[in-house]
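Novice: Here you go, one structure.
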Amino acid sequence: MDSTNITKVTTHPTQNEALIFERSQPGRIGYRLPALDVEETPIDELLPKDFRRDDELEGMPEVSEVDVIRHFTRISTWNYSIDLGLYPLGSCTMKYNSRLNEKVARIPGHANLHPLATEEDAQGALQVIYELQQHLSEITGLAGVSLQPAAGAHGEMTGVMLIRAFIDARDGEGASARRRTMLIPDSAHGTNPASANLSGFTVKTIRSTSEGLTDLDHLRELCAHGDIAGLMLTNPNTVGIFERNIKEICSIVHEAGGLVYMDGANMNALVGVARPGDMGVDVIHLNLHKTFSTPHGGGGPGCGPCCCTEELEPFLPLPRIVKEDDKYRLDFNRPQSIGRVKAFFGNFGMMLRALSYIQTHGPDGLREATEAAVLNARYIAEGLKADYDKPFDAPPMHEVVFTDKRQSRKGVHTLDIAKRLIDYGFHPMTIYFPLIVQGAMLIEPTESVGRQELDQFVAAMRSIAREATENPELVLNAPHTTRIGRLDEAAAARKPVLRWKPKETASAA
Amino acid sequence: MLQVVGLEKAEELFSSIPAELLLRAPLKTPAALSEIELLAGFEQTAARNAAARRPSFLGAGAYSHYSPTVVDHLIQRSEFFTAYTPYQPEISQGTLQAIFEFQTLVCQLTGMEVANASMYDGSTALAEAVLMAERVTRRQKVVVSNSVHPEYLEVVNTYVQHAGIELVRLDYDQTTGQTTPDALSSLDDKTAALVIQSPNFFGCTEDVRALAERAHAVGALLVVTVTEAASFGLLRAPGTLGADIVVAEGQSFGIPLSFGGPYLGLFATRDKYARQIPGRLVGEAVDKQGRRGFVLTLATREQHIRREKATSNICTNEGLIALAATVYLETMGPRGLQEVAMQCAQKAAYAARRIKELAGFTLPYSGPRFNEFVVRAPAEAAPLLASLARERNITGGLALSRYYTDRPNDFLVCVTEVNSRAEIDALVEGLSELSR
């Protein structure tokens, strides 16, 4: 394999490691508990025999502490991570996760606090929640904030339920029964229609224009039927373009009696620069694990605050965290609330981290982060436009979409380009999303990367474009440097193996 | 860099935003803090969380347990905590293998055949189980025991309110504290599922086998919720007693209390329902050379492919918390889990025996306990617990008046392996003296 163009990485040995179940040794332990310090009750008096386990938890691994450390340390090295460098997944906002925020979340007075402690005993935590609500309200320009949703999709579900509850309250339960259509652009995240469906809405799809914007004519046409509950819109949208007609879009929907939901996945392009509340948006969710730097953790935990106008505030989930004089309080007296969406108060550990992010940055820092995120995306757009097809002319905000149009003439597709990027030491961009762009490659560098690494990335992408012409096989068979090659995902789905089983059981089954 | 992209000033980056929408003044968020100032501020708010510093007997869905040091150490490895969802398997095998191990461990604990990569928490996992039961049975009525955690019931109610599902509540026996099979007259051939919690909110272990038989007799599924996952070390796995879906809160597996989150929803079911399961699944796969690896699989159930027809809207779940639980479970192993569970049960039995001996105090329920039990005090529980906190520096439990206004004297006590005998004795003494 030709590696002269690869500057970011070099290969080195990687440790093999089996599943923990395969390295289990009977009798090994990795823990120690103090001896029982109360008089023992005979086991049959504790629990009837039929209620007790009799399988000795067979099959669970028996390993020592150092076995555990080596096991996870070895497999960890098979991951790419933000700490290794640029992680340009579009719409995912993979920015640096400050270690200071981790330290904050582990302060014992916060980490050891039970969620059912009384209000008096939890004033500090309630203050954290309250202050973060205030800051997010300022950042979004929306009055009401609930931090209860655990992730973006959960915040979406909450927001869509607010819309439904609001319309039911406004129009009366019966009258609103015909307002059951949620408009969603064809470029939206899949969670949007799934969340709308959970709230009992029927989804209708709005077309995008060739410029990559919401088609206003189609929107007007769909709004003419009188059955519109609302619109779910991402802004900047999923091709990285600001919907410049946003005010008009909002007024068309409002005039038709609907509300506007904004998917806040792309807020990293707007913080400190513009506010959804000023655009006419009624409700939005944020992803603290994107815009506010809480770690993605290999797929969560997240936190998906739902922010809304004053009109929608009475419908937010219970309980509300409010301040009265100098005391913070849980307010359960909200008869119009959609109810609780999660036990307790949400992912508090993520709230601590996000508050820490806002406090470390300050207002200027928040805006500077936005500027850097947009500038970095522009820089990539500029760097790649000579070699890759850029389907939309408009200058991108914080992320930019390219396609494989030119490379596919040689049989090299987006998936191949993504896999080849791995050999160059980069995590691939988001691929095949949004669905409206054939062979989409959605690139979001975030603010957490400097010019040097952006140049390396651009050079890698340009080098792959050359390879696609000169040596397509090299790209088609990538990656060449990883522990394993491309996995047969179709076979995995046809005959799913979703758990480990001991050998003898497996053959008996 | 600005010049390279043909701009002069940073403001021009936002020229596609109409001028009237641009903020003219800086945000009114607090001024930037240094590390020293920031930490001091959070230490100050932490100091106002008085409950975090006391010996505590609070449970009710969130539990204090021992977490081996390696758990928090390993989840802080950059490679795990700064990675995204493992969409590119070639460079995500660490996360994928850990999830595969997690799924296996959840199956082993619950006695089920397939488990997903996690849900947000126990309450939302239960709501998703109810929605799945409707999909599987195509029936719209769900019978739920009132001995399920009240906040879980509220969450289920929110999730199903627009799904055309009718929730029917079921009372529990006032003597045993259990959901009794005799009280199941509301189960019929329109019932999608019977939903119970075991050990239930009042600490009583349900007769899962008998309830499963009743549910199956009308073609309904049995959904079992577990909020205290440490009980898996001692109690018979619900899957071996006839449960069709088992959901649990996994916080007991090494996860800090953190005022209610992030926690970990466990979701397990039968193989035959694998394609109806919500959320992510990791499966085994091979590459061209036949090398074993792991991938996200059965994605056609999920929102990014199926959109409004997906089995759930969930995308981001609790990846890192699932990893923490995996490290916990592998470090503790079968012996450690059994020992933790046994210590919980023994210490709770000791505490229950001592409190029962106190004049004026009773334990209203006779059902078999794991590590929680309801105490009926001779006076109102909330002020009693408040004076216990103030004068003895002990959080004595949860006043049930928080959820049930008609139960002013009742409180729920939870004892785990982290509560020493001295703490239990101090609780008993405090209750005795302060209730006089």
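Residues are referred to by chain and number: the chain letter is A, B, ... according to the order shown in the structure tokens, the number counts from 1 in that chain, and ligands are numbered separately from 1 in the order shown.
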Would you pick out the contacts of A:Gln134 at 10 Å or less, using only C-alpha atoms, so that residues sharing its chain but fewer than 2 positions from it are not included, and give the list as a list of chain:residue names?
Specialist: A:Val128, A:Ile129, A:Tyr130, A:Glu131, A:Leu132, A:Leu136, A:Ser137, A:Glu138, A:Ile139, A:Leu142, A:Ala143, A:Gly144, A:Val145, B:Lys28, B:Thr29
Novice: Go ahead and save the residues from that selection, with C-alpha atoms, as a short mmCIF file (atom, residue, chain, number, x, y, z; two decimals), in the first residue's frame.
Specialist:
```
data_model
loop_
_atom_site.label_atom_id
_atom_site.label_comp_id
_atom_site.auth_asym_id
_atom_site.auth_seq_id
_atom_site.Cartn_x
_atom_site.Cartn_y
_atom_site.Cartn_z
CA VAL A 128 -27.21 24.16 39.19
CA ILE A 129 -30.30 23.07 37.27
CA TYR A 130 -31.97 26.45 37.66
CA GLU A 131 -28.91 28.41 36.52
CA LEU A 132 -28.36 26.18 33.51
CA LEU A 136 -30.01 28.08 27.94
CA SER A 137 -32.99 30.39 27.90
CA GLU A 138 -30.67 33.32 27.17
CA ILE A 139 -28.78 31.39 24.49
CA LEU A 142 -36.84 31.08 24.61
CA ALA A 143 -38.40 31.56 28.04
CA GLY A 144 -39.17 28.03 29.23
CA VAL A 145 -36.54 25.31 29.69
CA LYS B 28 -26.00 37.70 29.08
CA THR B 29 -24.32 34.59 30.40
#
```
Novice: Using only C-alpha atoms, determine which residues lie at most 6 Å from B:Leu266, disregarding the query and same-chain residues fewer than 6 positions distant; provide the list as a list in words.
Specialist: Ser118, Val247 and Ala248 of chain B
Novice: Could the residues in this selection be written to a file with N, CA and C atoms, as a JSON list (two decimals), in the first residue's frame?
Specialist:
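New file result.json:
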```json
[["chain", "number", "residue", "atom", "x", "y", "z"],
["B", 118, "SER", "N", -28.75, -0.49, 25.58],
["B", 118, "SER", "CA", -29.20, 0.35, 26.70],
["B", 118, "SER", "C", -30.31, 1.31, 26.30],
["B", 247, "VAL", "N", -37.19, -5.20, 32.07],
["B", 247, "VAL", "CA", -36.48, -3.92, 32.02],
["B", 247, "VAL", "C", -35.98, -3.62, 33.42],
["B", 248, "ALA", "N", -34.88, -2.88, 33.48],
["B", 248, "ALA", "CA", -34.32, -2.58, 34.79],
["B", 248, "ALA", "C", -33.57, -1.27, 34.76]]
```
Novice: Run DSSP on the backbone and grab whatever in stretch 351-473 of chain A lands in strand (DSSP E); send it over as a PyMOL selection string.
Specialist: chain A and resi 400-402+430-431+441-443
Novice: Fewer than 5 positions away in the same chain doesn't count, so skip those; otherwise give me all residues within 8 Å of stretch 215-218 of chain A, counting only C-alpha atoms, as an MDAnalysis selection string.
Specialist: chainID A and resid 206:209 249
Novice: Go through A:Arg340, A:Lys290, A:Lys8, A:Arg70 and flag the residue nearest chain B, using only C-alpha atoms for the distances.
Specialist: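 Nearest to chain B: A:Arg340.
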Novice: I'd like to know which residues of stretch 323-421 of chain B are alpha helix (DSSP H) (by DSSP, run on the backbone); could you write them as a PyMOL selection string?
Specialist: chain B and resi 323-356+381-392+421
Novice: Print the selection's residues with C-alpha atoms to a file, as a PDB file, in the first residue's frame.
Specialist:
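New file selection37.pdb:
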```pdb
ATOM      1  CA  LEU B 323     -19.619   0.532  29.813  1.00  0.00           C
ATOM      2  CA  ALA B 324     -19.357   1.412  33.513  1.00  0.00           C
ATOM      3  CA  ALA B 325     -21.892  -1.299  34.336  1.00  0.00           C
ATOM      4  CA  THR B 326     -19.964  -3.761  32.182  1.00  0.00           C
ATOM      5  CA  VAL B 327     -16.719  -3.010  34.026  1.00  0.00           C
ATOM      6  CA  TYR B 328     -18.576  -3.290  37.342  1.00  0.00           C
ATOM      7  CA  LEU B 329     -20.185  -6.622  36.512  1.00  0.00           C
ATOM      8  CA  GLU B 330     -16.955  -8.129  35.191  1.00  0.00           C
ATOM      9  CA  THR B 331     -14.970  -6.911  38.192  1.00  0.00           C
ATOM     10  CA  MET B 332     -17.505  -8.176  40.720  1.00  0.00           C
ATOM     11  CA  GLY B 333     -18.133 -11.403  38.844  1.00  0.00           C
ATOM     12  CA  PRO B 334     -20.747 -13.929  39.965  1.00  0.00           C
ATOM     13  CA  ARG B 335     -19.307 -14.212  43.509  1.00  0.00           C
ATOM     14  CA  GLY B 336     -19.210 -10.455  44.046  1.00  0.00           C
ATOM     15  CA  LEU B 337     -22.770  -9.948  42.810  1.00  0.00           C
ATOM     16  CA  GLN B 338     -24.011 -12.716  45.068  1.00  0.00           C
ATOM     17  CA  GLU B 339     -22.132 -11.303  48.038  1.00  0.00           C
ATOM     18  CA  VAL B 340     -23.428  -7.764  47.482  1.00  0.00           C
ATOM     19  CA  ALA B 341     -26.990  -9.056  47.187  1.00  0.00           C
ATOM     20  CA  MET B 342     -26.683 -11.240  50.248  1.00  0.00           C
ATOM     21  CA  GLN B 343     -25.240  -8.400  52.339  1.00  0.00           C
ATOM     22  CA  CYS B 344     -28.059  -6.093  51.206  1.00  0.00           C
ATOM     23  CA  ALA B 345     -30.691  -8.641  52.181  1.00  0.00           C
ATOM     24  CA  GLN B 346     -29.037  -9.533  55.500  1.00  0.00           C
ATOM     25  CA  LYS B 347     -28.492  -5.943  56.576  1.00  0.00           C
ATOM     26  CA  ALA B 348     -32.014  -4.955  55.549  1.00  0.00           C
ATOM     27  CA  ALA B 349     -33.373  -7.902  57.541  1.00  0.00           C
ATOM     28  CA  TYR B 350     -31.363  -6.794  60.562  1.00  0.00           C
ATOM     29  CA  ALA B 351     -32.587  -3.200  60.235  1.00  0.00           C
ATOM     30  CA  ALA B 352     -36.196  -4.329  59.754  1.00  0.00           C
ATOM     31  CA  ARG B 353     -36.033  -6.567  62.825  1.00  0.00           C
ATOM     32  CA  ARG B 354     -34.637  -3.773  64.985  1.00  0.00           C
ATOM     33  CA  ILE B 355     -37.128  -1.141  63.787  1.00  0.00           C
ATOM     34  CA  LYS B 356     -40.050  -3.532  64.244  1.00  0.00           C
ATOM     35  CA  ALA B 381     -42.821  10.530  58.758  1.00  0.00           C
ATOM     36  CA  ALA B 382     -41.585  13.671  56.968  1.00  0.00           C
ATOM     37  CA  PRO B 383     -40.959  15.749  60.127  1.00  0.00           C
ATOM     38  CA  LEU B 384     -39.519  12.702  61.886  1.00  0.00           C
ATOM     39  CA  LEU B 385     -37.029  12.170  59.052  1.00  0.00           C
ATOM     40  CA  ALA B 386     -36.232  15.889  59.020  1.00  0.00           C
ATOM     41  CA  SER B 387     -35.332  15.879  62.706  1.00  0.00           C
ATOM     42  CA  LEU B 388     -33.326  12.674  62.225  1.00  0.00           C
ATOM     43  CA  ALA B 389     -31.322  14.495  59.538  1.00  0.00           C
ATOM     44  CA  ARG B 390     -30.897  17.607  61.641  1.00  0.00           C
ATOM     45  CA  GLU B 391     -30.117  16.051  64.999  1.00  0.00           C
ATOM     46  CA  ARG B 392     -28.499  12.721  64.117  1.00  0.00           C
ATOM     47  CA  ARG B 421     -24.071  -1.884  61.462  1.00  0.00           C
TER      48      ARG B 421
END
```
Novice: Smallest atom-to-atom distance to B:Ala62: which of B:Ser312, B:Ser123, B:Asn146, B:Ser420, using only C-alpha atoms?
Specialist: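 Of B:Ser312, B:Ser123, B:Asn146, B:Ser420, the one nearest B:Ala62, counting only C-alpha atoms, is B:Ser123.
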Novice: In terms of the shortest atom-to-atom distance over only C-alpha atoms, which of A:Lys419, A:Arg220, A:Arg499, A:His225 is closest to chain B?
Specialist: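 Ranking A:Lys419, A:Arg220, A:Arg499, A:His225 by distance to chain B, first place goes to A:Arg499.
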Novice: Pick out the closest residue to A:Leu84 from this set: A:Tyr357, A:Glu22, A:Val9, A:Ala188. Count only C-alpha atoms.
Specialist: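 Between A:Tyr357, A:Glu22, A:Val9, A:Ala188, the residue approaching A:Leu84 most closely is A:Val9.
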Novice: Could you give me, as a list in words, the residues within 7 Å of A:Leu288, counting only C-alpha atoms and dropping anything in the same chain fewer than 3 positions from it?
Specialist: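 With the cut-off at 7 Å, the set is Thr291, Phe292, Ser293, Thr294, Gly302, Cys303, Gly304 and Ala354 of chain A.
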Novice: The selected residues should be written to file as a PDB file, in the first residue's frame (atoms: C-alpha atoms).
Specialist:
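Resulting contents of selection.pdb:
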```pdb
ATOM      1  CA  THR A 291     -23.105  22.022  21.434  1.00  0.00           C
ATOM      2  CA  PHE A 292     -22.180  22.108  25.116  1.00  0.00           C
ATOM      3  CA  SER A 293     -19.317  19.621  24.973  1.00  0.00           C
ATOM      4  CA  THR A 294     -20.503  16.859  27.282  1.00  0.00           C
ATOM      5  CA  GLY A 302     -26.729  12.728  26.439  1.00  0.00           C
ATOM      6  CA  CYS A 303     -28.994  15.440  27.697  1.00  0.00           C
ATOM      7  CA  GLY A 304     -31.674  16.950  25.464  1.00  0.00           C
ATOM      8  CA  ALA A 354     -22.599  21.904  30.372  1.00  0.00           C
TER       9      ALA A 354
END
```
